[in-house]
$ cat final37.cif   # mmCIF, C-alpha atoms and all ligand atoms
data_query
loop_
_atom_site.label_atom_id
_atom_site.label_comp_id
_atom_site.auth_asym_id
_atom_site.auth_seq_id
_atom_site.Cartn_x
_atom_site.Cartn_y
_atom_site.Cartn_z
CA MET A 1 0.00 0.00 0.00
CA ARG A 2 0.99 3.61 -0.45
CA VAL A 3 0.88 5.11 3.03
CA LEU A 4 1.18 8.67 4.32
CA VAL A 5 2.76 8.81 7.78
CA THR A 6 2.16 12.16 9.48
CA GLY A 7 4.75 12.76 12.19
CA GLY A 8 6.97 10.13 10.58
CA ALA A 9 10.17 11.99 11.52
CA GLY A 10 9.47 11.59 15.23
CA TYR A 11 10.62 8.90 17.65
CA ILE A 12 7.74 6.48 17.11
CA GLY A 13 6.91 7.66 13.57
CA SER A 14 10.38 6.89 12.25
CA VAL A 15 10.16 3.32 13.58
CA VAL A 16 6.64 2.90 12.15
CA THR A 17 8.06 4.05 8.80
CA GLU A 18 10.84 1.45 9.06
CA GLU A 19 8.31 -1.31 9.85
CA LEU A 20 5.99 -0.30 6.99
CA VAL A 21 8.84 -0.28 4.48
CA ALA A 22 10.06 -3.64 5.81
CA GLY A 23 6.50 -4.93 5.28
CA GLY A 24 6.62 -3.97 1.59
CA HIS A 25 4.64 -0.72 1.81
CA GLU A 26 5.57 2.56 0.13
CA VAL A 27 5.76 5.43 2.58
CA VAL A 28 5.54 9.20 2.30
CA VAL A 29 6.42 10.94 5.57
CA TYR A 30 4.67 14.27 6.23
CA ASP A 31 6.25 16.19 9.12
CA ASP A 32 6.85 19.85 9.99
CA LEU A 33 10.13 18.96 11.78
CA SER A 34 9.06 21.02 14.80
CA LYS A 35 9.95 18.01 16.95
CA GLY A 36 11.04 15.38 14.46
CA HIS A 37 14.40 14.97 12.72
CA ARG A 38 14.89 14.73 8.96
CA ASP A 39 17.71 12.21 9.42
CA ALA A 40 15.37 9.89 11.38
CA VAL A 41 13.49 9.13 8.14
CA ILE A 42 14.99 6.21 6.24
CA ASP A 43 16.08 6.82 2.64
CA GLU A 44 13.51 4.32 1.33
CA ALA A 45 10.69 6.68 2.37
CA ALA A 46 9.76 9.91 0.59
CA PHE A 47 9.67 13.05 2.73
CA VAL A 48 7.44 16.13 2.58
CA GLN A 49 7.97 18.95 5.06
CA GLY A 50 4.55 20.40 5.79
CA ASP A 51 2.19 21.74 8.40
CA LEU A 52 -0.77 19.70 9.64
CA LEU A 53 -2.95 22.81 9.41
CA ASP A 54 -2.10 23.30 5.72
CA ARG A 55 -5.03 21.61 4.01
CA ASP A 56 -3.83 22.34 0.47
CA ALA A 57 -0.38 20.87 1.09
CA LEU A 58 -1.93 17.78 2.66
CA PHE A 59 -4.40 17.40 -0.19
CA SER A 60 -1.76 17.66 -2.91
CA THR A 61 0.58 15.29 -1.03
CA LEU A 62 -2.22 12.71 -0.81
CA ARG A 63 -3.26 13.15 -4.44
CA ASP A 64 0.16 13.46 -6.07
CA ASN A 65 1.47 10.35 -4.32
CA ALA A 66 -1.71 8.31 -4.91
CA ILE A 67 -1.88 7.63 -1.17
CA GLU A 68 -4.23 4.81 -0.14
CA ALA A 69 -4.05 4.97 3.67
CA VAL A 70 -2.80 7.23 6.45
CA VAL A 71 -1.00 6.63 9.73
CA HIS A 72 -1.64 9.80 11.72
CA MET A 73 1.04 10.32 14.35
CA ALA A 74 1.78 14.06 14.12
CA ALA A 75 0.79 15.55 17.47
CA ARG A 76 1.82 17.37 20.57
CA SER A 77 2.33 14.80 23.29
CA LEU A 78 3.61 16.23 26.56
CA VAL A 79 1.20 15.87 29.47
CA GLY A 80 2.76 18.64 31.57
CA GLU A 81 2.94 21.15 28.72
CA SER A 82 -0.66 20.39 27.75
CA VAL A 83 -1.82 21.50 31.20
CA THR A 84 -0.09 24.89 30.94
CA GLU A 85 -0.64 25.44 27.20
CA PRO A 86 -3.89 23.71 26.20
CA ALA A 87 -4.45 25.98 23.17
CA LYS A 88 -1.45 24.42 21.39
CA TYR A 89 -2.89 20.96 22.00
CA TYR A 90 -6.35 21.84 20.69
CA GLU A 91 -4.79 23.46 17.63
CA THR A 92 -2.49 20.60 16.63
CA ASN A 93 -4.27 17.54 17.95
CA VAL A 94 -7.87 18.52 17.20
CA MET A 95 -7.80 21.18 14.47
CA GLY A 96 -4.83 19.62 12.70
CA GLY A 97 -6.49 16.22 12.79
CA LEU A 98 -9.73 17.58 11.35
CA VAL A 99 -7.83 19.34 8.56
CA LEU A 100 -6.19 16.02 7.73
CA LEU A 101 -9.57 14.22 7.67
CA ASP A 102 -10.94 16.93 5.41
CA ALA A 103 -8.02 16.59 2.99
CA MET A 104 -8.40 12.80 3.06
CA ARG A 105 -12.10 13.03 2.20
CA ALA A 106 -11.42 15.46 -0.63
CA ALA A 107 -8.70 13.18 -2.02
CA GLY A 108 -10.81 10.05 -1.52
CA VAL A 109 -8.24 8.52 0.87
CA GLY A 110 -8.94 6.08 3.72
CA PRO A 111 -8.50 4.19 6.01
CA ILE A 112 -6.52 5.74 8.87
CA VAL A 113 -4.52 4.42 11.83
CA PHE A 114 -4.40 6.96 14.65
CA SER A 115 -1.90 7.33 17.50
CA SER A 116 -4.09 7.68 20.55
CA THR A 117 -3.08 7.34 24.16
CA ALA A 118 -3.79 5.72 27.50
CA ALA A 119 -4.26 9.29 28.76
CA VAL A 120 -7.85 9.12 27.41
CA TYR A 121 -8.71 6.93 30.43
CA GLY A 122 -7.63 9.49 33.00
CA ALA A 123 -7.02 7.79 36.33
CA PRO A 124 -9.08 4.58 36.21
CA GLU A 125 -9.33 2.47 39.35
CA LYS A 126 -9.54 -0.87 37.58
CA GLN A 127 -6.21 -2.15 36.26
CA PRO A 128 -5.26 -3.51 33.80
CA ILE A 129 -7.32 -1.15 31.68
CA GLU A 130 -9.66 -2.61 29.08
CA GLU A 131 -10.87 -0.65 26.06
CA THR A 132 -14.38 -0.66 27.56
CA ALA A 133 -13.19 1.33 30.60
CA PRO A 134 -14.77 4.78 30.92
CA VAL A 135 -12.82 7.60 29.30
CA ALA A 136 -12.13 10.62 31.53
CA PRO A 137 -8.87 12.40 30.64
CA THR A 138 -7.13 14.34 33.41
CA ASN A 139 -5.16 16.59 31.08
CA PRO A 140 -5.61 18.41 27.74
CA TYR A 141 -3.26 15.97 25.99
CA GLY A 142 -5.62 13.05 26.67
CA GLU A 143 -8.68 15.23 26.11
CA THR A 144 -7.57 16.35 22.65
CA LYS A 145 -6.59 12.82 21.59
CA LEU A 146 -10.03 11.64 22.72
CA ALA A 147 -11.74 14.46 20.83
CA PHE A 148 -10.12 13.29 17.60
CA GLU A 149 -10.93 9.65 18.33
CA ARG A 150 -14.56 10.63 18.75
CA ALA A 151 -14.52 12.55 15.47
CA LEU A 152 -13.22 9.40 13.77
CA ARG A 153 -16.21 7.43 15.01
CA TRP A 154 -18.70 9.89 13.53
CA TYR A 155 -16.74 10.32 10.29
CA ASP A 156 -16.76 6.54 9.92
CA GLU A 157 -20.51 6.43 10.45
CA ALA A 158 -21.28 9.27 8.05
CA TYR A 159 -18.49 9.06 5.47
CA GLY A 160 -17.20 5.48 5.82
CA VAL A 161 -13.67 6.49 6.92
CA ARG A 162 -12.55 3.26 8.62
CA TYR A 163 -9.97 3.63 11.36
CA VAL A 164 -7.96 1.94 14.05
CA SER A 165 -7.19 4.01 17.11
CA LEU A 166 -4.18 2.71 19.02
CA ARG A 167 -4.14 3.83 22.63
CA TYR A 168 -0.43 3.79 23.41
CA PHE A 169 0.81 3.20 26.89
CA ASN A 170 4.52 4.17 27.34
CA ALA A 171 6.66 3.76 24.24
CA ALA A 172 10.27 2.96 25.14
CA GLY A 173 13.50 1.52 23.80
CA ALA A 174 15.20 1.93 20.45
CA THR A 175 15.99 0.15 17.22
CA PRO A 176 19.64 0.13 16.10
CA ARG A 177 18.95 3.26 14.02
CA SER A 178 16.13 5.10 15.83
CA GLY A 179 15.86 6.19 19.43
CA GLU A 180 14.27 8.82 21.58
CA ARG A 181 15.70 12.33 21.20
CA HIS A 182 13.39 15.07 22.32
CA ASP A 183 14.52 18.58 23.09
CA PRO A 184 13.90 19.26 25.89
CA GLU A 185 13.74 15.64 27.04
CA THR A 186 10.93 15.01 29.51
CA HIS A 187 10.50 11.23 29.34
CA LEU A 188 11.70 9.05 32.15
CA ILE A 189 13.88 6.45 30.42
CA PRO A 190 15.93 8.79 28.17
CA LEU A 191 16.35 11.20 31.10
CA VAL A 192 17.62 8.46 33.37
CA LEU A 193 20.07 7.33 30.68
CA LYS A 194 21.32 10.91 30.29
CA VAL A 195 22.02 10.90 34.03
CA ALA A 196 23.93 7.62 33.56
CA LEU A 197 26.04 9.34 30.89
CA GLY A 198 26.71 12.24 33.26
CA GLU A 199 24.93 14.75 31.01
CA ILE A 200 22.45 15.54 33.78
CA GLY A 201 23.34 15.46 37.48
CA GLU A 202 20.26 13.64 38.78
CA VAL A 203 16.75 12.54 37.93
CA THR A 204 13.77 13.95 39.82
CA VAL A 205 11.08 11.46 40.76
CA PHE A 206 7.71 13.15 40.38
CA GLY A 207 5.94 12.11 43.55
CA ASP A 208 6.44 9.21 45.95
CA ASP A 209 3.07 9.42 47.71
CA TYR A 210 0.94 7.63 45.12
CA PRO A 211 -1.14 4.60 46.18
CA THR A 212 1.25 2.16 44.46
CA LYS A 213 3.64 -0.46 45.84
CA ASP A 214 6.55 1.96 46.35
CA GLY A 215 4.66 5.26 46.16
CA THR A 216 5.84 6.16 42.63
CA CYS A 217 3.75 6.01 39.44
CA VAL A 218 3.30 2.73 37.58
CA ARG A 219 3.50 2.71 33.78
CA ASP A 220 3.37 0.04 31.10
CA TYR A 221 6.50 0.34 28.92
CA ILE A 222 6.24 -1.20 25.43
CA HIS A 223 9.16 -1.47 23.02
CA VAL A 224 8.88 0.97 20.13
CA SER A 225 9.37 -1.83 17.55
CA ASP A 226 6.44 -3.77 19.00
CA LEU A 227 4.37 -0.61 19.00
CA ALA A 228 5.30 0.00 15.36
CA ARG A 229 4.41 -3.55 14.35
CA ALA A 230 0.91 -3.05 15.76
CA HIS A 231 0.43 -0.18 13.29
CA VAL A 232 1.31 -2.40 10.35
CA LEU A 233 -1.06 -5.14 11.58
CA SER A 234 -3.83 -2.54 12.03
CA LEU A 235 -3.32 -1.10 8.58
CA GLU A 236 -3.30 -4.51 6.96
CA MET A 237 -6.50 -5.48 8.79
CA LEU A 238 -8.17 -2.31 7.48
CA ALA A 239 -6.83 -2.96 3.97
CA ARG A 240 -8.52 -6.37 4.03
CA GLY A 241 -11.81 -4.55 4.65
CA GLY A 242 -11.83 -4.97 8.46
CA LYS A 243 -14.04 -2.83 10.67
CA SER A 244 -12.94 0.18 12.69
CA ALA A 245 -11.49 -0.64 16.10
CA ILE A 246 -9.88 0.78 19.21
CA TYR A 247 -6.97 -1.13 20.77
CA ASN A 248 -4.85 -0.65 23.86
CA LEU A 249 -1.17 -1.07 23.17
CA GLY A 250 0.90 -2.11 26.16
CA CYS A 251 3.52 -4.67 27.03
CA GLY A 252 1.29 -7.22 28.70
CA GLY A 253 2.71 -7.30 32.27
CA ASP A 254 1.95 -5.54 35.54
CA GLY A 255 3.91 -2.40 34.67
CA TYR A 256 6.84 -0.85 36.51
CA THR A 257 7.15 1.91 39.09
CA VAL A 258 9.43 4.89 38.48
CA ARG A 259 11.83 3.50 41.11
CA GLU A 260 11.89 0.12 39.36
CA VAL A 261 12.71 1.77 36.03
CA ILE A 262 15.61 3.62 37.66
CA ASP A 263 16.87 0.39 39.28
CA VAL A 264 16.75 -1.43 35.94
CA ALA A 265 18.67 1.45 34.34
CA ARG A 266 21.32 1.19 37.09
CA GLU A 267 21.67 -2.52 36.36
CA VAL A 268 21.84 -2.05 32.59
CA THR A 269 24.29 0.85 32.62
CA GLY A 270 26.33 -0.08 35.69
CA LYS A 271 26.08 3.58 36.78
CA GLU A 272 24.89 5.02 40.05
CA ILE A 273 22.12 7.36 38.72
CA PRO A 274 21.49 9.87 41.54
CA VAL A 275 17.83 10.52 42.32
CA LYS A 276 16.01 13.44 43.92
CA MET A 277 12.43 13.26 45.21
CA GLY A 278 10.15 15.96 43.86
CA PRO A 279 6.46 16.87 43.94
CA ARG A 280 3.86 15.21 41.73
CA ARG A 281 3.69 16.38 38.10
CA ALA A 282 0.34 17.93 37.11
CA GLY A 283 -1.95 15.57 35.22
CA ASP A 284 -0.09 12.32 36.09
CA PRO A 285 -2.35 9.37 37.01
CA ALA A 286 -0.96 6.92 39.61
CA MET A 287 -1.16 3.85 37.41
CA LEU A 288 -1.64 3.08 33.72
CA VAL A 289 -1.37 -0.59 32.75
CA ALA A 290 -2.99 -1.99 29.63
CA SER A 291 -5.04 -5.07 29.15
CA SER A 292 -3.71 -6.30 25.81
CA ALA A 293 -6.37 -8.97 25.34
CA ARG A 294 -8.34 -7.31 22.56
CA ILE A 295 -5.48 -6.64 20.14
CA ALA A 296 -4.07 -10.11 20.91
CA SER A 297 -7.29 -11.87 20.02
CA GLU A 298 -8.35 -9.71 17.06
CA LEU A 299 -5.00 -8.99 15.38
CA GLY A 300 -2.84 -11.73 16.87
CA PHE A 301 -0.51 -9.07 18.30
CA ARG A 302 1.96 -10.08 21.00
CA PRO A 303 4.93 -7.95 22.05
CA ALA A 304 8.23 -9.62 21.19
CA GLN A 305 10.14 -7.80 23.94
CA GLN A 306 8.52 -7.98 27.36
CA ASP A 307 11.57 -7.64 29.57
CA LEU A 308 12.14 -4.07 30.76
CA ARG A 309 15.89 -4.81 30.99
CA GLU A 310 15.98 -5.53 27.27
CA ILE A 311 13.91 -2.46 26.48
CA VAL A 312 16.14 -0.15 28.54
CA ALA A 313 19.26 -1.89 27.18
CA SER A 314 18.17 -1.17 23.60
CA ALA A 315 17.78 2.53 24.45
CA TRP A 316 21.18 2.52 26.19
CA ARG A 317 22.92 0.90 23.21
CA TRP A 318 21.36 3.45 20.85
CA LEU A 319 22.22 6.46 23.04
CA SER A 320 25.80 5.28 23.67
CA ALA A 321 26.36 4.65 19.95
CA ARG A 322 24.94 8.06 19.10
CA ARG A 323 27.20 9.86 21.58
CA ALA A 324 30.23 7.94 20.24
CA GLN A 325 29.29 8.95 16.70
CA GLU A 326 28.84 12.62 17.72
CA ALA A 327 32.23 12.57 19.43
CA SER A 328 33.91 11.14 16.33
CA VAL A 329 32.33 13.87 14.15
CA VAL A 330 33.63 16.57 16.53
CA ALA A 331 37.09 14.95 16.61
CA ALA A 332 37.32 14.69 12.81
N1 LIG B 401 8.77 10.79 35.61
C1 LIG B 401 9.57 11.16 36.69
N2 LIG B 401 10.61 12.02 36.47
C2 LIG B 401 10.92 12.52 35.24
C3 LIG B 401 10.13 12.13 34.14
C4 LIG B 401 9.06 11.26 34.37
O1 LIG B 401 9.34 10.74 37.82
O2 LIG B 401 11.86 13.31 35.13
C5 LIG B 401 7.66 9.87 35.82
C6 LIG B 401 6.31 10.45 35.42
O3 LIG B 401 5.71 11.11 36.51
C7 LIG B 401 5.54 9.18 35.02
C8 LIG B 401 6.62 8.24 34.49
O4 LIG B 401 7.85 8.75 34.98
O5 LIG B 401 4.96 8.58 36.14
C9 LIG B 401 6.68 8.22 32.97
O6 LIG B 401 6.70 9.55 32.50
P1 LIG B 401 7.01 9.92 31.01
O7 LIG B 401 7.08 11.42 30.92
O8 LIG B 401 8.19 9.14 30.54
O9 LIG B 401 5.76 9.36 30.21
P2 LIG B 401 4.17 9.63 30.39
O10 LIG B 401 3.68 8.55 31.35
O11 LIG B 401 3.97 11.01 30.88
O12 LIG B 401 3.64 9.41 29.01
#

$ encode --input "final37.cif" --output "structure tokens"
Amino acid sequence: MRVLVTGGAGYIGSVVTEELVAGGHEVVVYDDLSKGHRDAVIDEAAFVQGDLLDRDALFSTLRDNAIEAVVHMAARSLVGESVTEPAKYYETNVMGGLVLLDAMRAAGVGPIVFSSTAAVYGAPEKQPIEETAPVAPTNPYGETKLAFERALRWYDEAYGVRYVSLRYFNAAGATPRSGERHDPETHLIPLVLKVALGEIGEVTVFGDDYPTKDGTCVRDYIHVSDLARAHVLSLEMLARGGKSAIYNLGCGGDGYTVREVIDVAREVTGKEIPVKMGPRRAGDPAMLVASSARIASELGFRPAQQDLREIVASAWRWLSARRAQEASVVAA
């Protein structure tokens, strides 16, 4: 299939692009490079630099490349920032998404796989979370992702735009060529690894008074390659004429606390990793762990990498290799 990947220059998008190309699909990446990196896009994929709010550019990209399906990953995705700057999140995640749907309808393109999030559930009591759990986001990030998911449902009903919405839990790890590099970095695992490298003095734990086994938040970390493979499976299901669906995308265990993640990183890196306790971060639920039963039974999806040590080790290998490469460029 000929697939447009919005946000395909980002951390997850670049790995989804790799997986699609490996699966025999032709990919056009559409990204404004506000967060993504041009060099994260493999040479086998075409690249268009464009804004999600630019309907004409989206329309001509879809039409000129004879696109048949879309993976929509371009978004703003920081929980903390969404609380202080909700307008940005409504603009990109809701308005931008609707502009894309409009361009897709005009160009006669469908179906669509959408990057949604566990943040749509808010702070549910029942864990692991099933897709039937009530949605009640606690921050504008989750709220805006949910708004677009809801639009998809009504567009499907009225216009027949079939979709899969993938509610990501915590993407982590790296492939040999793609890893997490945000600026500024706010995610736990890359931050902890930067502390291990000595680039940051310490990591702050956001709250140790949550009702969890050690007081710190529990998250469900899934390897980015597994996450990417779920997109390909979703797209192929839709291409076979399958019905719209919503799937949780987690690793299939009980999740890990922030302290456990830091301990695993100490083990993997052999470094001390100093820690400071800090207050809770706005909008953070205590626990987010996925039930992966639905995507397992309907798409046959099972994560290949379920060991957090392996996931953190893949990120560590990627980051160490990248720093070595940067040092050799400076030295040359
Ligand atoms: N976290 C932390 N210190 C940090 C960054 C994150 O304690 O410097 C915690 C955060 O509160 C959450 C978990 O680590 O419970 C994962 O956060 P991250 O930002 O990586 O992903 P999110 O769950 O927000 O998508």

$ residues_around --input "final37.cif" --residues "Tyr141 in chain A" --least-positions-apart "6" --cutoff "9 Å" --atoms "only C-alpha atoms" --output "number ranges by chain"
A: 76-83, 86, 89-90, 93, 117, 119-120

$ residues_near_ligand --input "final37.cif" --ligand "ligand LIG 401 (chain B)" --cutoff "6 Å" --atoms "all atoms listed in the file" --output "ChimeraX atom specification"
/A:79,170,186-188,203-206,217,258,281,284

$ closest_residue --input "final37.cif" --among "A:Gly13, A:Pro190, A:Gly278, A:Pro285" --to "Ile311 in chain A" --atoms "all atoms listed in the file"
A:Pro190

$ closest_atom_pairs --input "final37.cif" --of "range 233-298 of chain A" --to "range 102-113 of chain A" --cutoff "10 Å" --atoms "all atoms listed in the file" --output "tab-separated table"
residue	atom	partner	partner_atom	distance
A:Ser234	CA	A:Val113	CA	7.0
A:Leu235	CA	A:Val113	CA	6.5
A:Leu238	CA	A:Pro111	CA	6.7
A:Ala239	CA	A:Pro111	CA	7.6
A:Gly241	CA	A:Pro111	CA	9.4
A:Ser244	CA	A:Pro111	CA	9.0
A:Ala245	CA	A:Val113	CA	9.6
A:Ile246	CA	A:Val113	CA	9.8

$ closest_residue --input "final37.cif" --among "A:Glu236, A:Asp43, A:Asp226, A:Ala151" --to "His25 in chain A" --atoms "all atoms listed in the file"
A:Glu236

$ residues_around --input "final37.cif" --residues "Leu98 in chain A" --least-positions-apart "6" --cutoff "10 Å" --atoms "all atoms listed in the file" --output "ChimeraX atom specification"
/A:52-53,55,91-92,104,148,151-152

$ closest_residue --input "final37.cif" --among "A:His231, A:Arg167, A:Arg323, A:Arg317" --to "Asn248 in chain A" --atoms "all atoms listed in the file"
A:Arg167

$ atom_distance --input "final37.cif" --atom1 "CA of Val232 in chain A" --atom2 "CA of Glu19 in chain A"
7.1 Å

$ closest_residue --input "final37.cif" --among "A:Val27, A:Ala22, A:Ala40, A:Ala118" --to "Glu131 in chain A" --atoms "all atoms listed in the file"
A:Ala118

$ residues_near_point --input "final37.cif" --point "(3.1, 2.6, 35.9)" --cutoff "8 Å" --atoms "only C-alpha atoms" --output "MDAnalysis selection string"
chainID A and resid 217:220 255:258 286:289

$ closest_residue --input "final37.cif" --among "A:Asn139, A:Ala158, A:Ala228, A:Ile200" --to "Gly8 in chain A" --atoms "all atoms listed in the file"
A:Ala228

$ atom_distance --input "final37.cif" --atom1 "CA of Val48 in chain A" --atom2 "CA of Gly173 in chain A"
26.5 Å

$ residues_around --input "final37.cif" --residues "Ser14 in chain A" --least-positions-apart "5" --cutoff "10 Å" --atoms "only C-alpha atoms" --output "list in words"
Val5, Gly7, Gly8, Ala9, Glu19, Leu20, Val29, Gly36, His37, Arg38, Asp39, Ala40, Val41, Ile42, Ala45, Arg177, Ser178, Gly179, Val224 and Ala228 of chain A

$ write_last_selection --input "final37.cif" --atoms "C-alpha atoms" --output "PDB file, keeping the file's coordinate frame"
ATOM      1  CA  VAL A   5       2.760   8.810   7.780  1.00  0.00           C
ATOM      2  CA  GLY A   7       4.750  12.760  12.190  1.00  0.00           C
ATOM      3  CA  GLY A   8       6.970  10.130  10.580  1.00  0.00           C
ATOM      4  CA  ALA A   9      10.170  11.990  11.520  1.00  0.00           C
ATOM      5  CA  GLU A  19       8.310  -1.310   9.850  1.00  0.00           C
ATOM      6  CA  LEU A  20       5.990  -0.300   6.990  1.00  0.00           C
ATOM      7  CA  VAL A  29       6.420  10.940   5.570  1.00  0.00           C
ATOM      8  CA  GLY A  36      11.040  15.380  14.460  1.00  0.00           C
ATOM      9  CA  HIS A  37      14.400  14.970  12.720  1.00  0.00           C
ATOM     10  CA  ARG A  38      14.890  14.730   8.960  1.00  0.00           C
ATOM     11  CA  ASP A  39      17.710  12.210   9.420  1.00  0.00           C
ATOM     12  CA  ALA A  40      15.370   9.890  11.380  1.00  0.00           C
ATOM     13  CA  VAL A  41      13.490   9.130   8.140  1.00  0.00           C
ATOM     14  CA  ILE A  42      14.990   6.210   6.240  1.00  0.00           C
ATOM     15  CA  ALA A  45      10.690   6.680   2.370  1.00  0.00           C
ATOM     16  CA  ARG A 177      18.950   3.260  14.020  1.00  0.00           C
ATOM     17  CA  SER A 178      16.130   5.100  15.830  1.00  0.00           C
ATOM     18  CA  GLY A 179      15.860   6.190  19.430  1.00  0.00           C
ATOM     19  CA  VAL A 224       8.880   0.970  20.130  1.00  0.00           C
ATOM     20  CA  ALA A 228       5.300   0.000  15.360  1.00  0.00           C
TER      21      ALA A 228
END

$ residues_around --input "final37.cif" --residues "Gly198 in chain A" --least-positions-apart "5" --cutoff "10 Å" --atoms "all atoms listed in the file" --output "ChimeraX atom specification"
/A:192-193,271,273

$ closest_residue --input "final37.cif" --among "A:Arg229, A:Ala324, A:Lys194, A:Met1" --to "Glu18 in chain A" --atoms "only C-alpha atoms"
A:Arg229

$ atom_distance --input "final37.cif" --atom1 "CA of Gly23 in chain A" --atom2 "CA of Val312 in chain A"
25.6 Å

$ residues_near_point --input "final37.cif" --point "(22.8, 1.2, 18.5)" --cutoff "9 Å" --atoms "only C-alpha atoms" --output "list in words"
Ala174, Thr175, Pro176, Arg177, Ser178, Gly179, Ser314, Ala315, Trp316, Arg317, Trp318, Leu319, Ser320, Ala321 and Arg322 of chain A

$ build_atoms --input "final37.cif" --residues "range 169-184 of chain A" --atoms "N, CA, C and O atoms" --output "CSV table (one decimal), in the coordinates of the input"
chain,number,residue,atom,x,y,z
A,169,PHE,N,0.4,3.0,25.5
A,169,PHE,CA,0.8,3.2,26.9
A,169,PHE,C,2.2,3.8,26.8
A,169,PHE,O,2.3,4.8,26.0
A,170,ASN,N,3.3,3.4,27.4
A,170,ASN,CA,4.5,4.2,27.3
A,170,ASN,C,5.5,3.5,26.3
A,170,ASN,O,6.0,2.5,26.6
A,171,ALA,N,5.7,4.2,25.2
A,171,ALA,CA,6.7,3.8,24.2
A,171,ALA,C,8.1,3.9,24.8
A,171,ALA,O,8.4,4.9,25.5
A,172,ALA,N,8.9,2.9,24.6
A,172,ALA,CA,10.3,3.0,25.1
A,172,ALA,C,11.2,2.1,24.3
A,172,ALA,O,10.8,1.4,23.4
A,173,GLY,N,12.5,2.3,24.5
A,173,GLY,CA,13.5,1.5,23.8
A,173,GLY,C,13.9,2.1,22.5
A,173,GLY,O,13.4,3.2,22.1
A,174,ALA,N,14.7,1.4,21.7
A,174,ALA,CA,15.2,1.9,20.4
A,174,ALA,C,15.5,0.8,19.5
A,174,ALA,O,15.6,-0.4,19.9
A,175,THR,N,15.5,1.1,18.2
A,175,THR,CA,16.0,0.2,17.2
A,175,THR,C,17.5,0.5,17.0
A,175,THR,O,17.9,1.6,17.5
A,176,PRO,N,18.2,-0.3,16.3
A,176,PRO,CA,19.6,0.1,16.1
A,176,PRO,C,19.8,1.5,15.5
A,176,PRO,O,20.7,2.2,15.7
A,177,ARG,N,18.8,1.9,14.6
A,177,ARG,CA,19.0,3.3,14.0
A,177,ARG,C,18.1,4.4,14.6
A,177,ARG,O,18.4,5.6,14.4
A,178,SER,N,17.0,4.0,15.3
A,178,SER,CA,16.1,5.1,15.8
A,178,SER,C,15.9,5.0,17.3
A,178,SER,O,15.5,4.0,17.8
A,179,GLY,N,16.1,6.1,18.0
A,179,GLY,CA,15.9,6.2,19.4
A,179,GLY,C,15.2,7.5,19.8
A,179,GLY,O,14.9,8.3,18.9
A,180,GLU,N,15.0,7.7,21.1
A,180,GLU,CA,14.3,8.8,21.6
A,180,GLU,C,15.2,10.0,21.7
A,180,GLU,O,16.2,9.9,22.4
A,181,ARG,N,14.9,11.1,21.0
A,181,ARG,CA,15.7,12.3,21.2
A,181,ARG,C,14.8,13.5,21.1
A,181,ARG,O,14.5,14.0,20.0
A,182,HIS,N,14.2,13.9,22.2
A,182,HIS,CA,13.4,15.1,22.3
A,182,HIS,C,14.2,16.2,22.9
A,182,HIS,O,15.2,16.0,23.6
A,183,ASP,N,13.8,17.4,22.5
A,183,ASP,CA,14.5,18.6,23.1
A,183,ASP,C,13.5,19.6,23.5
A,183,ASP,O,12.9,20.2,22.6
A,184,PRO,N,13.3,19.9,24.7
A,184,PRO,CA,13.9,19.3,25.9
A,184,PRO,C,13.4,17.9,26.1
A,184,PRO,O,12.2,17.6,25.7
